[in-house]
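This report concerns only the one structure given below.
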Amino acid sequence: VPNPNPDGNHDDFFGVTTATSGSTLAVYGTGSAGDTVDVYHVANGTAQLEQTLTAPDGGIAFGASIAISGTTMVIGDPVHGGGSTPFPVGPGAAYIFTGTRDVFTGVVSNWRFTTELMSPEPDSVSRFGSSVATDGSNVVVGAPLYDGLTGAVFRFTRTHSGWSTTPSQTLLPPTPQASLTGAFGQSLSLSPSLLAVGDPALGGLSGGAVVYNYGFGSFTSPHNLPAPSGSNSAGGA
């Protein structure tokens with residue numbers, strides 16, 4: 001899939017983050033068109049560009065993280081609110097887009113912005129949106145610098161009236177020693193029954209993941225999954 005908006009320089013970073021669900025492919029890139037997420041329909045080995053998404057409020061790193069599940073897409077911007085300086089630093093945000101599924105083909109298209117999720121620490125540099133994941137009913141957002149260098153993951157739920165903008169659950173490192181350098185929540189992976197939270201500082205600096213069970217509407221029973229012996233900085237992605 002080539003960059004649809006090359007500017008002739010080497011700073012487009014097209015493809016730095018990607019996500020897929022069914023026949024939907026989303027790819028982040030920056031350049032002459034600004035920070036965007038390009039959405040493709042993939043069929044028979046061909047990717048057709050269908051839509052280009054942008055932050056509704058001019059996000060600076062819109063697309064730094066992406067997750068898709070069915071008709072739900074989440075896009076993170078971990079420096080949202082940091083201004084337009086060359087090296088912006090802000091609390092972060094995440095954006096939820098909803099697509100429309102064709103009842104005959106099952107293809108999801110016509111993605112539209114529905115909800116903006118803001119960092120629970122609006123006056124800090126929590127990097128909320130560094131990682132995102134969704135199963136269609138839940139959205140989880142990582143903030144590896146939340147509460148100083150503790151790190152956290154926030155769960156948001158969809159109700160009959162739409163997505164809640166208030167976290168329904170906040171996950172912190174299970175023990176004070178679990179994260180030493182603000183890495184808990186650096187990466188996320190969500191399935192119907194499990195949530196894995198990457199923490200490159202778990203166990204000192206060897207890294208690993210914290211795995212939660214999902215059931216009865218919450219994430220419970222965390223257990224550490226350390227890096228194999230001899231590994232360094234696992235849990236980053």
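Residue names in the structure tokens use chain letters A, B, ... in the order shown, residue numbers from 1 in each chain, and ligand numbers from 1 in the order shown.
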
Please identify which residues in segment 112-147 of chain A DSSP calls strand (DSSP E or B) from the backbone, and express them as an NGL selection string. :A and (112-118 or 128 or 131-134 or 138-143)

I want to know what sits within 8 Å of segment 64-72 of chain A, based on only C-alpha atoms, with residues of the same chain fewer than 4 positions away left out; could you give that as a PyMOL selection string? chain A and resi 16-22+26+28+76-78+96-101+108+129-136

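Atom pair atom CA of Pro144 of chain A / atom CA of Gly198 of chain A: separated by 9.7 Å.
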
Might you pull out every residue within 9 Å of segment 51-57 of chain A, with only C-alpha atoms counted and same-chain residues fewer than 6 positions away left off, and present them as a list of chain:residue names?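 Using only C-alpha atoms, the neighbours found are A:Gly34, A:Asp35, A:Thr36, A:Val37, A:Asp38, A:Val39, A:Tyr40, A:Gly63, A:Ile75, A:Asp77, A:Tyr95, A:Ser109, A:Asn110, A:Trp111, A:Arg112, A:Phe113, A:Glu116.
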
How would the residues just chosen look if you wrote them out with C-alpha atoms as a PDB file, in the first residue's frame?
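Generated output (selection_20.pdb):
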```pdb
ATOM      1  CA  GLY A  34      -1.034  16.576   7.998  1.00  0.00           C
ATOM      2  CA  ASP A  35      -1.560  13.780  10.488  1.00  0.00           C
ATOM      3  CA  THR A  36      -4.171  11.455   9.012  1.00  0.00           C
ATOM      4  CA  VAL A  37      -5.452   7.900   9.111  1.00  0.00           C
ATOM      5  CA  ASP A  38      -6.170   6.455   5.676  1.00  0.00           C
ATOM      6  CA  VAL A  39      -8.873   3.782   5.581  1.00  0.00           C
ATOM      7  CA  TYR A  40      -8.742   1.070   2.891  1.00  0.00           C
ATOM      8  CA  GLY A  63      -2.938   8.183  14.500  1.00  0.00           C
ATOM      9  CA  ILE A  75      -7.396   6.546  17.170  1.00  0.00           C
ATOM     10  CA  ASP A  77      -3.101  11.188  19.988  1.00  0.00           C
ATOM     11  CA  TYR A  95     -11.087   9.540  19.207  1.00  0.00           C
ATOM     12  CA  SER A 109     -17.377   2.111   5.366  1.00  0.00           C
ATOM     13  CA  ASN A 110     -18.445   5.735   5.896  1.00  0.00           C
ATOM     14  CA  TRP A 111     -16.495   6.214   9.114  1.00  0.00           C
ATOM     15  CA  ARG A 112     -17.718   9.187  11.155  1.00  0.00           C
ATOM     16  CA  PHE A 113     -16.388  10.753  14.344  1.00  0.00           C
ATOM     17  CA  GLU A 116     -13.538  12.222  22.004  1.00  0.00           C
TER      18      GLU A 116
END
```

Mind checking which residues fall within 7 Å of Ala209 of chain A, counting only C-alpha atoms, ignoring those fewer than 2 positions away in the same chain, and posting them as an MDAnalysis selection string? chainID A and resid 196:199 211 224:226 235

Mind checking which residues fall within 6 Å of Phe154 of chain A, counting only C-alpha atoms, ignoring those fewer than 5 positions away in the same chain, and posting them as a ChimeraX atom specification? /A:140-141,167,169-170

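With only C-alpha atoms as the atoms that count, the minimum distance from Glu121 of chain A to the choices A:Gly45, A:Gly59, A:Gly92, A:Pro200 is reached by A:Gly92.
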
Give me the residues near Gly151 of chain A as a list in words, where near means some atom within 6 Å (using only C-alpha atoms) and where sequence neighbours in that chain fewer than 6 positions away do not count. Ala143, Pro144, Leu145, Gly182 and Phe184 of chain A

Among listed residues A:Val107, A:Val89, A:Leu195, A:Val210, nearest Thr24 of chain A (using only C-alpha atoms):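 Selected residue with least distance to Thr24 of chain A: A:Val107.
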
Mind giving me the straight-line distance from atom CA of Asp123 of chain A to atom CA of Ser168 of chain A in Å, one decimal?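 Answer for the atom CA of Asp123 of chain A to atom CA of Ser168 of chain A separation: 20.8 Å.
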
From the options A:Leu202, A:Leu117, A:Val27, A:Val79, which residue's atoms come nearest to Thr166 of chain A, counting only C-alpha atoms?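 Of the candidates, the smallest distance to Thr166 of chain A is held by A:Leu117.
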
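Here atom CA of Gly208 of chain A stands at a distance of 29.5 Å from atom CA of Arg158 of chain A.
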
Contact residues around Gly215 of chain A with only C-alpha atoms at 9 Å, ignoring same-chain residues under 2 positions, as a list in words: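 The filter keeps Pro192, Ser193, Leu194, Asn213, Gly217, Ser218, Phe219 and Thr220 of chain A.
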